[in-house]
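Listing of upload_20.cif; format and content: mmCIF, C-alpha atoms.
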```
data_run
#
loop_
_atom_site.group_PDB
_atom_site.id
_atom_site.type_symbol
_atom_site.label_atom_id
_atom_site.label_comp_id
_atom_site.auth_asym_id
_atom_site.auth_seq_id
_atom_site.Cartn_x
_atom_site.Cartn_y
_atom_site.Cartn_z
ATOM 1 C CA MET A 1 22.997 9.543 -97.750
ATOM 2 C CA ALA A 2 25.376 8.377 -95.014
ATOM 3 C CA ARG A 3 24.614 11.528 -93.031
ATOM 4 C CA LEU A 4 20.862 10.979 -93.354
ATOM 5 C CA LEU A 5 21.295 7.363 -92.264
ATOM 6 C CA ALA A 6 23.269 8.421 -89.188
ATOM 7 C CA VAL A 7 20.632 10.991 -88.229
ATOM 8 C CA ALA A 8 17.853 8.428 -88.660
ATOM 9 C CA THR A 9 19.748 5.867 -86.569
ATOM 10 C CA PHE A 10 20.325 8.432 -83.813
ATOM 11 C CA THR A 11 16.639 9.424 -83.846
ATOM 12 C CA ILE A 12 15.536 5.800 -83.548
ATOM 13 C CA PHE A 13 17.977 5.229 -80.671
ATOM 14 C CA ILE A 14 16.617 8.257 -78.779
ATOM 15 C CA ALA A 15 13.044 7.117 -79.372
ATOM 16 C CA LEU A 16 13.823 3.633 -78.108
ATOM 17 C CA GLY A 17 15.547 5.071 -75.052
ATOM 18 C CA ALA A 18 12.557 7.271 -74.214
ATOM 19 C CA ALA A 19 10.156 4.374 -74.670
ATOM 20 C CA ALA A 20 12.350 2.096 -72.607
ATOM 21 C CA GLN A 21 11.993 4.421 -69.650
ATOM 22 C CA ALA A 22 8.266 3.790 -69.793
ATOM 23 C CA GLN A 23 8.345 0.043 -70.323
ATOM 24 C CA MET A 24 11.469 -2.115 -70.281
ATOM 25 C CA THR A 25 12.027 -5.205 -72.378
ATOM 26 C CA VAL A 26 12.318 -7.576 -69.429
ATOM 27 C CA THR A 27 9.348 -6.169 -67.540
ATOM 28 C CA PRO A 28 6.893 -9.013 -66.912
ATOM 29 C CA GLY A 29 3.412 -8.220 -68.074
ATOM 30 C CA PRO A 30 0.106 -9.906 -67.238
ATOM 31 C CA GLY A 31 0.632 -13.656 -67.196
ATOM 32 C CA GLY A 32 4.416 -13.209 -67.001
ATOM 33 C CA ILE A 33 4.745 -12.288 -70.689
ATOM 34 C CA PRO A 34 7.618 -9.804 -71.257
ATOM 35 C CA ILE A 35 6.457 -6.399 -72.475
ATOM 36 C CA ALA A 36 8.283 -4.858 -75.428
ATOM 37 C CA PRO A 37 9.481 -1.245 -75.195
ATOM 38 C CA GLY A 38 6.716 1.280 -75.634
ATOM 39 C CA ALA A 39 3.992 3.091 -73.763
ATOM 40 C CA PRO A 40 2.749 1.592 -70.451
ATOM 41 C CA VAL A 41 0.041 -1.002 -70.790
ATOM 42 C CA THR A 42 -3.354 0.472 -69.952
ATOM 43 C CA GLY A 43 -4.583 -0.705 -66.586
ATOM 44 C CA TYR A 44 -1.360 -2.571 -65.714
ATOM 45 C CA THR A 45 1.541 -1.289 -63.638
ATOM 46 C CA PRO A 46 4.555 -3.619 -63.841
ATOM 47 C CA GLY A 47 6.928 -4.413 -61.025
ATOM 48 C CA GLY A 48 10.712 -4.363 -60.974
ATOM 49 C CA THR A 49 13.715 -3.989 -58.701
ATOM 50 C CA GLY A 50 13.479 -1.045 -56.338
ATOM 51 C CA VAL A 51 16.060 0.872 -54.339
ATOM 52 C CA GLY A 52 18.186 -1.430 -52.194
ATOM 53 C CA GLY A 53 17.352 -4.467 -54.326
ATOM 54 C CA ILE A 54 13.801 -4.703 -52.994
ATOM 55 C CA GLU A 55 11.521 -6.468 -55.467
ATOM 56 C CA ILE A 56 8.439 -4.389 -56.323
ATOM 57 C CA ALA A 57 5.330 -6.405 -57.097
ATOM 58 C CA PRO A 58 3.218 -5.381 -60.097
ATOM 59 C CA GLY A 59 -0.087 -3.660 -59.462
ATOM 60 C CA PRO A 60 -1.610 -0.208 -58.927
ATOM 61 C CA ALA A 61 0.497 0.447 -55.802
ATOM 62 C CA ALA A 62 3.710 0.110 -57.862
ATOM 63 C CA ARG A 63 2.912 3.276 -59.781
ATOM 64 C CA GLY A 64 5.377 6.039 -58.996
ATOM 65 C CA VAL A 65 7.825 3.755 -57.145
ATOM 66 C CA PRO A 66 11.434 4.188 -58.409
ATOM 67 C CA MET A 67 12.726 0.898 -59.784
ATOM 68 C CA SER A 68 15.413 -0.258 -62.184
ATOM 69 C CA ARG A 69 14.856 -2.358 -65.270
ATOM 70 C CA ILE A 70 16.780 -3.505 -68.337
ATOM 71 C CA GLY A 71 16.314 -1.524 -71.530
ATOM 72 C CA PRO A 72 16.908 -2.400 -75.184
ATOM 73 C CA GLY A 73 20.294 -3.991 -75.827
ATOM 74 C CA GLY A 74 20.566 -5.118 -72.209
ATOM 75 C CA ILE A 75 21.333 -1.592 -70.967
ATOM 76 C CA PRO A 76 20.314 -1.191 -67.293
ATOM 77 C CA PHE A 77 18.479 1.948 -66.252
ATOM 78 C CA SER A 78 19.006 3.572 -62.868
ATOM 79 C CA PRO A 79 16.019 3.442 -60.477
ATOM 80 C CA ARG A 80 13.250 5.752 -61.620
ATOM 81 C CA PRO A 81 9.459 5.715 -61.596
ATOM 82 C CA ASP A 82 7.628 4.903 -64.800
ATOM 83 C CA PRO A 83 6.747 8.204 -66.540
ATOM 84 C CA TYR A 84 3.001 7.752 -66.529
ATOM 85 C CA PRO A 85 1.137 10.813 -67.747
ATOM 86 C CA ALA A 86 -0.645 12.751 -65.047
ATOM 87 C CA PRO A 87 -4.382 12.068 -65.055
ATOM 88 C CA ASN A 88 -6.747 14.897 -65.858
ATOM 89 C CA ASN A 89 -7.964 14.844 -62.279
ATOM 90 C CA SER A 90 -5.084 13.883 -60.003
ATOM 91 C CA THR A 91 -6.987 14.616 -56.804
ATOM 92 C CA ALA A 92 -10.190 13.400 -55.256
ATOM 93 C CA THR A 93 -12.515 15.789 -53.464
ATOM 94 C CA LEU A 94 -14.862 14.761 -50.724
ATOM 95 C CA GLN A 95 -18.415 15.818 -51.371
ATOM 96 C CA PRO A 96 -20.127 18.391 -49.152
ATOM 97 C CA GLY A 97 -21.659 16.844 -46.085
ATOM 98 C CA CYS A 98 -18.160 16.296 -44.747
ATOM 99 C CA GLY A 99 -17.860 20.086 -44.751
ATOM 100 C CA ASN A 100 -16.698 22.891 -42.487
ATOM 101 C CA ASP A 101 -19.867 22.607 -40.404
ATOM 102 C CA SER A 102 -19.704 18.808 -40.433
ATOM 103 C CA PRO A 103 -17.380 16.214 -38.847
ATOM 104 C CA CYS A 104 -14.500 16.587 -41.346
ATOM 105 C CA GLY A 105 -14.162 19.492 -43.787
ATOM 106 C CA PRO A 106 -14.036 19.469 -47.605
ATOM 107 C CA GLU A 107 -10.776 17.720 -48.243
ATOM 108 C CA ILE A 108 -8.467 17.316 -51.209
ATOM 109 C CA LEU A 109 -6.616 14.017 -51.345
ATOM 110 C CA PRO A 110 -3.215 13.962 -53.067
ATOM 111 C CA GLN A 111 -2.426 11.273 -55.591
ATOM 112 C CA THR A 112 -0.187 9.485 -53.060
ATOM 113 C CA LEU A 113 -0.645 9.552 -49.293
ATOM 114 C CA ALA A 114 2.346 8.998 -47.009
ATOM 115 C CA LEU A 115 2.377 8.301 -43.272
ATOM 116 C CA THR A 116 5.298 7.760 -40.888
ATOM 117 C CA ILE A 117 4.716 5.736 -37.724
ATOM 118 C CA HIS A 118 7.270 5.947 -34.906
ATOM 119 C CA SER A 119 7.464 2.941 -32.603
ATOM 120 C CA ARG A 120 8.527 5.053 -29.625
ATOM 121 C CA ASP A 121 5.077 6.670 -29.702
ATOM 122 C CA ALA A 122 3.151 3.393 -29.976
ATOM 123 C CA ALA A 123 0.467 2.790 -27.354
ATOM 124 C CA PRO A 124 -1.095 -0.647 -26.774
ATOM 125 C CA ALA A 125 -2.504 -1.612 -30.162
ATOM 126 C CA LYS A 126 -6.250 -1.417 -30.681
ATOM 127 C CA ALA A 127 -8.601 -1.861 -33.611
ATOM 128 C CA PRO A 128 -10.767 1.082 -34.686
ATOM 129 C CA SER A 129 -14.301 1.208 -33.358
ATOM 130 C CA SER A 130 -16.925 0.294 -35.933
ATOM 131 C CA ASP A 131 -19.222 2.853 -34.286
ATOM 132 C CA THR A 132 -16.947 5.785 -35.182
ATOM 133 C CA PRO A 133 -16.736 6.368 -38.949
ATOM 134 C CA ILE A 134 -13.470 7.502 -40.492
ATOM 135 C CA GLU A 135 -14.231 10.759 -42.300
ATOM 136 C CA SER A 136 -10.837 12.343 -42.982
ATOM 137 C CA ILE A 137 -7.165 11.637 -43.644
ATOM 138 C CA HIS A 138 -6.489 12.666 -40.049
ATOM 139 C CA ASP A 139 -8.908 9.988 -38.814
ATOM 140 C CA LEU A 140 -7.378 7.400 -41.145
ATOM 141 C CA PHE A 141 -3.824 8.075 -40.027
ATOM 142 C CA ASP A 142 -4.853 8.022 -36.367
ATOM 143 C CA ALA A 143 -6.463 4.609 -36.900
ATOM 144 C CA LEU A 144 -3.399 3.217 -38.672
ATOM 145 C CA ARG A 145 -1.136 4.465 -35.870
ATOM 146 C CA ALA A 146 -3.400 2.956 -33.209
ATOM 147 C CA CYS A 147 -3.234 -0.461 -34.903
ATOM 148 C CA TRP A 148 0.569 -0.588 -34.840
ATOM 149 C CA GLU A 149 2.283 -2.831 -32.344
ATOM 150 C CA PRO A 150 6.070 -2.963 -32.779
ATOM 151 C CA PRO A 151 7.897 -6.294 -32.501
ATOM 152 C CA ALA A 152 8.871 -7.594 -29.086
ATOM 153 C CA ARG A 153 12.111 -6.031 -27.901
ATOM 154 C CA GLU A 154 14.011 -9.324 -27.901
ATOM 155 C CA GLN A 155 13.243 -9.732 -31.617
ATOM 156 C CA ALA A 156 13.599 -6.093 -32.637
ATOM 157 C CA GLN A 157 16.547 -4.159 -33.984
ATOM 158 C CA GLU A 158 16.923 -0.519 -33.056
ATOM 159 C CA GLY A 159 16.698 1.873 -35.981
ATOM 160 C CA THR A 160 15.015 -0.549 -38.363
ATOM 161 C CA GLN A 161 12.802 1.049 -41.001
ATOM 162 C CA MET A 162 10.361 -0.621 -43.355
ATOM 163 C CA SER A 163 7.892 0.928 -45.794
ATOM 164 C CA VAL A 164 4.878 -0.691 -47.411
ATOM 165 C CA ARG A 165 2.434 0.453 -50.058
ATOM 166 C CA PHE A 166 -1.190 -0.541 -50.681
ATOM 167 C CA SER A 167 -4.659 0.784 -51.446
ATOM 168 C CA PHE A 168 -8.099 0.482 -49.868
ATOM 169 C CA ARG A 169 -11.444 -0.570 -51.261
ATOM 170 C CA ARG A 170 -14.527 1.477 -50.492
ATOM 171 C CA THR A 171 -15.408 -1.190 -47.923
ATOM 172 C CA GLY A 172 -12.289 -0.412 -45.856
ATOM 173 C CA GLU A 173 -10.541 -3.621 -46.919
ATOM 174 C CA ILE A 174 -7.083 -3.599 -48.513
ATOM 175 C CA ILE A 175 -7.224 -4.276 -52.265
ATOM 176 C CA ALA A 176 -4.182 -6.584 -52.366
ATOM 177 C CA ALA A 177 -1.441 -7.769 -50.049
ATOM 178 C CA PRO A 178 0.795 -4.800 -49.112
ATOM 179 C CA PHE A 179 4.295 -5.028 -50.515
ATOM 180 C CA VAL A 180 7.548 -3.727 -49.129
ATOM 181 C CA THR A 181 9.005 -0.735 -50.963
ATOM 182 C CA TYR A 182 11.922 -0.194 -48.558
ATOM 183 C CA ALA A 183 13.727 -2.014 -45.768
ATOM 184 C CA THR A 184 16.837 -0.970 -43.865
ATOM 185 C CA PRO A 185 19.800 -2.363 -45.820
ATOM 186 C CA GLY A 186 21.798 -5.083 -44.117
ATOM 187 C CA ILE A 187 19.191 -6.349 -41.662
ATOM 188 C CA LYS A 188 19.081 -10.115 -41.231
ATOM 189 C CA PRO A 189 16.332 -12.021 -43.061
ATOM 190 C CA ASP A 190 14.828 -13.187 -39.760
ATOM 191 C CA THR A 191 14.650 -9.607 -38.476
ATOM 192 C CA ARG A 192 13.159 -8.432 -41.747
ATOM 193 C CA GLN A 193 10.461 -11.096 -41.452
ATOM 194 C CA VAL A 194 9.725 -10.079 -37.854
ATOM 195 C CA TYR A 195 8.954 -6.534 -38.963
ATOM 196 C CA ARG A 196 6.986 -7.689 -41.997
ATOM 197 C CA ASP A 197 4.872 -9.891 -39.738
ATOM 198 C CA ALA A 198 4.312 -6.971 -37.340
ATOM 199 C CA ILE A 199 3.170 -4.740 -40.214
ATOM 200 C CA ASN A 200 0.851 -7.421 -41.594
ATOM 201 C CA GLY A 201 -0.571 -7.901 -38.098
ATOM 202 C CA ALA A 202 -1.181 -4.170 -37.667
ATOM 203 C CA LEU A 203 -2.995 -3.848 -40.981
ATOM 204 C CA ALA A 204 -5.032 -6.978 -40.283
ATOM 205 C CA ARG A 205 -5.984 -5.504 -36.910
ATOM 206 C CA CYS A 206 -7.230 -2.352 -38.653
ATOM 207 C CA LYS A 207 -9.412 -3.910 -41.333
ATOM 208 C CA PRO A 208 -12.028 -3.353 -42.352
ATOM 209 C CA LEU A 209 -11.793 0.331 -41.569
ATOM 210 C CA PRO A 210 -15.188 2.011 -41.018
ATOM 211 C CA PHE A 211 -15.046 4.614 -43.789
ATOM 212 C CA SER A 212 -17.893 7.052 -44.098
ATOM 213 C CA LYS A 213 -19.696 7.010 -47.445
ATOM 214 C CA SER A 214 -18.139 10.252 -48.676
ATOM 215 C CA PHE A 215 -14.626 9.407 -47.495
ATOM 216 C CA SER A 216 -14.728 5.891 -48.965
ATOM 217 C CA ALA A 217 -15.457 7.368 -52.387
ATOM 218 C CA ALA A 218 -12.409 9.630 -52.113
ATOM 219 C CA ILE A 219 -9.894 7.161 -50.660
ATOM 220 C CA ALA A 220 -10.720 4.045 -52.710
ATOM 221 C CA GLY A 221 -7.791 3.035 -54.929
ATOM 222 C CA ARG A 222 -5.477 5.775 -53.691
ATOM 223 C CA PRO A 223 -1.925 4.504 -52.986
ATOM 224 C CA ILE A 224 -1.092 4.634 -49.280
ATOM 225 C CA SER A 225 2.561 4.510 -48.195
ATOM 226 C CA ILE A 226 3.433 3.843 -44.569
ATOM 227 C CA ARG A 227 6.968 4.056 -43.197
ATOM 228 C CA TYR A 228 7.434 2.254 -39.885
ATOM 229 C CA ILE A 229 10.437 3.371 -37.840
ATOM 230 C CA ASP A 230 11.624 1.466 -34.778
ATOM 231 C CA ASP A 231 13.131 4.375 -32.871
ATOM 232 C CA ARG A 232 12.756 2.765 -29.454
ATOM 233 C CA VAL A 233 15.816 2.430 -27.223
ATOM 234 C CA LEU A 234 16.352 -1.317 -27.246
ATOM 235 C CA LYS A 235 19.669 -1.635 -25.409
ATOM 236 C CA ALA A 236 19.604 -3.889 -22.353
ATOM 237 C CA ASP A 237 19.346 -2.172 -18.981
ATOM 238 C CA SER A 238 22.794 -2.418 -17.377
ATOM 239 C CA SER A 239 21.232 -2.425 -13.889
ATOM 240 C CA HIS A 240 19.913 -5.933 -14.477
ATOM 241 C CA PRO A 241 22.122 -9.002 -14.765
#
```
Just give me the structure of the file as structure tokens.
Amino acid sequence: MARLLAVATFTIFIALGAAAQAQMTVTPGPGGIPIAPGAPVTGYTPGGTGVGGIEIAPGPAARGVPMSRIGPGGIPFSPRPDPYPAPNNSTATLQPGCGNDSPCGPEILPQTLALTIHSRDAAPAKAPSSDTPIESIHDLFDALRACWEPPAREQAQEGTQMSVRFSFRRTGEIIAAPFVTYATPGIKPDTRQVYRDAINGALARCKPLPFSKSFSAAIAGRPISIRYIDDRVLKADSSHP
């Protein structure tokens, strides 16, 4: 009997541990109500504490972001993404009409799209033309790069990196306010805010993006991650007093 009790206890502990990876006890649910261990809540992606202590806001863009939470018994878990099951169709395909003989080509969109923008390559920022529809990922990334204007040199810090995550509506608007998933550790709060303001300004400059009908159907709701890197040389010119 004692042996059977020990086996049952161990089985329950393993089950709780597996469930806790999916949904932690202190994870705030809709309305701020803590969610008990178990399967993820349908239609709700909770937030948590990401790598570097960055707070991850709840919402669709939080899916797949590594974050740490507290499991049953107050046991902390190392940063990891929630183990959501893969959907039956994890890609979106643009319909023909954006084909090989058309402006963009039949295109498969991955579940998560990632873009890196280097500040050293930034030209004077400009909003996309409403007369030129965005019909591919290449067009989208070009537009997002063109909208970027790095912070003024006197406010910038060389080597700073910041990443944000968000999704688009079919209309080319952003579904919700982008949230920071990474920032260079150790930067001052004022500097962090400078870069956050620059990113918000760039995305505001871009919206609404003029998606074509076929591309808007494929991109809507897809998580977009952008990493901004300030790789400009910001040291003062020694030839000037």
Point out the residue among A:Arg145, A:Arg205, A:Arg232, A:Arg165 with the least atom-to-atom distance to Ile117 (chain A), counting only C-alpha atoms.
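Using only C-alpha atoms, Ile117 (chain A) sits closest to A:Arg145.
Proximity to Phe166 (chain A) was assessed for A:Ile224, A:Ala57, A:Leu140, A:Met67 counting only C-alpha atoms; the smallest distance is recorded for A:Ile224.
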Smallest atom-to-atom distance to Ala114 (chain A): which of A:Gln161, A:Ser167, A:Ser225, A:Thr181, using all atoms listed in the file?
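So, comparing all the options, the nearest one is A:Ser225.
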Quote the spacing between CA of Pro124 (chain A) and CA of Ile199 (chain A) in Å to one decimal place.
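Interatomic distance, CA of Pro124 (chain A) to CA of Ile199 (chain A): 14.7 Å.
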Name every residue that the PyMOL selection byres ((chain A and resi 173) around 7) selects in this structure, writing the answer as a PDB file with C-alpha atoms, in the frame of the given file with chains first and numbers rising.
```
ATOM      1  CA  PHE A 168      -8.099   0.482 -49.868  1.00  0.00           C
ATOM      2  CA  ARG A 169     -11.444  -0.570 -51.261  1.00  0.00           C
ATOM      3  CA  THR A 171     -15.408  -1.190 -47.923  1.00  0.00           C
ATOM      4  CA  GLY A 172     -12.289  -0.412 -45.856  1.00  0.00           C
ATOM      5  CA  ILE A 174      -7.083  -3.599 -48.513  1.00  0.00           C
ATOM      6  CA  ILE A 175      -7.224  -4.276 -52.265  1.00  0.00           C
ATOM      7  CA  LYS A 207      -9.412  -3.910 -41.333  1.00  0.00           C
ATOM      8  CA  PRO A 208     -12.028  -3.353 -42.352  1.00  0.00           C
ATOM      9  CA  LEU A 209     -11.793   0.331 -41.569  1.00  0.00           C
TER      10      LEU A 209
END
```
Would you work out the distance separating CA of Leu113 (chain A) from CA of Lys188 (chain A), expressed in Å to one decimal?
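CA of Leu113 (chain A) sits 29.0 Å away from CA of Lys188 (chain A).
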With the PyMOL selection byres ((chain A and resi 220) around 8) as the selection, what would be picked from this file? Answer as a list in words, please.
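That expression, the PyMOL selection byres ((chain A and resi 220) around 8), corresponds here to Ser167, Phe168, Arg169, Arg170, Ser216, Ala217, Ala218, Ile219, Gly221 and Arg222 of chain A.
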Quick check, in Å to one decimal: how far apart do CA of Ser163 (chain A) and CA of Pro210 (chain A) lie?
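These atoms are spaced 23.6 Å apart.
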Determine the nearest neighbour of Val180 (chain A) from the options A:Asp231, A:Glu154, A:Asp142, A:Asp197, counting all atoms listed in the file.
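Going through A:Asp231, A:Glu154, A:Asp142, A:Asp197 one by one, the smallest distance to Val180 (chain A) is for A:Asp197.
For the file shown, the residue list from the PyMOL selection byres ((chain A and resi 183) around 10) reads Val51, Gly52, Gly53, Ile54, Thr160, Gln161, Met162, Ser163, Val164, Val180, Thr181, Tyr182, Thr184, Pro185, Gly186, Ile187, Arg192, Tyr195, Arg196, Arg227 and Tyr228 of chain A.
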Would you fill the gaps in region 172-200 of chain A so it has N, CA and C atoms, then print it as an mmCIF file, in the frame of the given file?
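So the final result, stored in out13.cif, reads:
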```
data_model
loop_
_atom_site.group_PDB
_atom_site.id
_atom_site.type_symbol
_atom_site.label_atom_id
_atom_site.label_comp_id
_atom_site.auth_asym_id
_atom_site.auth_seq_id
_atom_site.Cartn_x
_atom_site.Cartn_y
_atom_site.Cartn_z
ATOM 1 N N GLY A 172 -13.268 -0.489 -46.929
ATOM 2 C CA GLY A 172 -12.289 -0.412 -45.856
ATOM 3 C C GLY A 172 -11.319 -1.570 -45.839
ATOM 4 N N GLU A 173 -11.478 -2.507 -46.783
ATOM 5 C CA GLU A 173 -10.541 -3.621 -46.919
ATOM 6 C C GLU A 173 -9.381 -3.184 -47.814
ATOM 7 N N ILE A 174 -8.236 -3.865 -47.656
ATOM 8 C CA ILE A 174 -7.083 -3.599 -48.513
ATOM 9 C C ILE A 174 -7.262 -4.357 -49.823
ATOM 10 N N ILE A 175 -6.977 -3.690 -50.954
ATOM 11 C CA ILE A 175 -7.224 -4.276 -52.265
ATOM 12 C C ILE A 175 -6.374 -5.525 -52.485
ATOM 13 N N ALA A 176 -5.086 -5.450 -52.167
ATOM 14 C CA ALA A 176 -4.182 -6.584 -52.366
ATOM 15 C C ALA A 176 -3.169 -6.585 -51.235
ATOM 16 N N ALA A 177 -2.432 -7.669 -51.118
ATOM 17 C CA ALA A 177 -1.441 -7.769 -50.049
ATOM 18 C C ALA A 177 -0.437 -6.619 -50.152
ATOM 19 N N PRO A 178 -0.190 -5.888 -49.063
ATOM 20 C CA PRO A 178 0.795 -4.800 -49.112
ATOM 21 C C PRO A 178 2.165 -5.358 -49.488
ATOM 22 N N PHE A 179 2.950 -4.572 -50.197
ATOM 23 C CA PHE A 179 4.295 -5.028 -50.515
ATOM 24 C C PHE A 179 5.314 -4.020 -50.006
ATOM 25 N N VAL A 180 6.481 -4.536 -49.708
ATOM 26 C CA VAL A 180 7.548 -3.727 -49.129
ATOM 27 C C VAL A 180 8.219 -2.910 -50.225
ATOM 28 N N THR A 181 8.304 -1.598 -50.023
ATOM 29 C CA THR A 181 9.005 -0.735 -50.963
ATOM 30 C C THR A 181 10.371 -0.318 -50.431
ATOM 31 N N TYR A 182 10.612 -0.519 -49.128
ATOM 32 C CA TYR A 182 11.922 -0.194 -48.558
ATOM 33 C C TYR A 182 12.108 -0.971 -47.275
ATOM 34 N N ALA A 183 13.344 -1.410 -47.038
ATOM 35 C CA ALA A 183 13.727 -2.014 -45.768
ATOM 36 C C ALA A 183 15.163 -1.601 -45.488
ATOM 37 N N THR A 184 15.482 -1.373 -44.234
ATOM 38 C CA THR A 184 16.837 -0.970 -43.865
ATOM 39 C C THR A 184 17.853 -1.945 -44.444
ATOM 40 N N PRO A 185 18.803 -1.455 -45.225
ATOM 41 C CA PRO A 185 19.800 -2.363 -45.820
ATOM 42 C C PRO A 185 20.617 -3.078 -44.747
ATOM 43 N N GLY A 186 20.908 -4.338 -45.003
ATOM 44 C CA GLY A 186 21.798 -5.083 -44.117
ATOM 45 C C GLY A 186 21.131 -5.805 -42.972
ATOM 46 N N ILE A 187 19.814 -5.633 -42.773
ATOM 47 C CA ILE A 187 19.191 -6.349 -41.662
ATOM 48 C C ILE A 187 19.082 -7.831 -42.023
ATOM 49 N N LYS A 188 19.126 -8.680 -41.010
ATOM 50 C CA LYS A 188 19.081 -10.115 -41.231
ATOM 51 C C LYS A 188 17.696 -10.521 -41.755
ATOM 52 N N PRO A 189 17.629 -11.570 -42.548
ATOM 53 C CA PRO A 189 16.332 -12.021 -43.061
ATOM 54 C C PRO A 189 15.314 -12.303 -41.968
ATOM 55 N N ASP A 190 15.758 -12.898 -40.856
ATOM 56 C CA ASP A 190 14.828 -13.187 -39.760
ATOM 57 C C ASP A 190 14.255 -11.898 -39.173
ATOM 58 N N THR A 191 15.114 -10.885 -39.017
ATOM 59 C CA THR A 191 14.650 -9.607 -38.476
ATOM 60 C C THR A 191 13.696 -8.930 -39.454
ATOM 61 N N ARG A 192 14.029 -8.997 -40.720
ATOM 62 C CA ARG A 192 13.159 -8.432 -41.747
ATOM 63 C C ARG A 192 11.775 -9.075 -41.678
ATOM 64 N N GLN A 193 11.739 -10.399 -41.506
ATOM 65 C CA GLN A 193 10.461 -11.096 -41.452
ATOM 66 C C GLN A 193 9.678 -10.714 -40.206
ATOM 67 N N VAL A 194 10.384 -10.496 -39.093
ATOM 68 C CA VAL A 194 9.725 -10.079 -37.854
ATOM 69 C C VAL A 194 8.962 -8.776 -38.073
ATOM 70 N N TYR A 195 9.603 -7.823 -38.734
ATOM 71 C CA TYR A 195 8.954 -6.534 -38.963
ATOM 72 C C TYR A 195 7.845 -6.655 -40.005
ATOM 73 N N ARG A 196 8.052 -7.487 -41.011
ATOM 74 C CA ARG A 196 6.986 -7.689 -41.997
ATOM 75 C C ARG A 196 5.763 -8.304 -41.331
ATOM 76 N N ASP A 197 5.988 -9.268 -40.447
ATOM 77 C CA ASP A 197 4.872 -9.891 -39.738
ATOM 78 C C ASP A 197 4.148 -8.873 -38.847
ATOM 79 N N ALA A 198 4.922 -7.987 -38.204
ATOM 80 C CA ALA A 198 4.312 -6.971 -37.340
ATOM 81 C C ALA A 198 3.453 -6.011 -38.160
ATOM 82 N N ILE A 199 3.931 -5.639 -39.342
ATOM 83 C CA ILE A 199 3.170 -4.740 -40.214
ATOM 84 C C ILE A 199 1.903 -5.426 -40.709
ATOM 85 N N ASN A 200 2.035 -6.676 -41.147
ATOM 86 C CA ASN A 200 0.851 -7.421 -41.594
ATOM 87 C C ASN A 200 -0.171 -7.545 -40.466
#
```
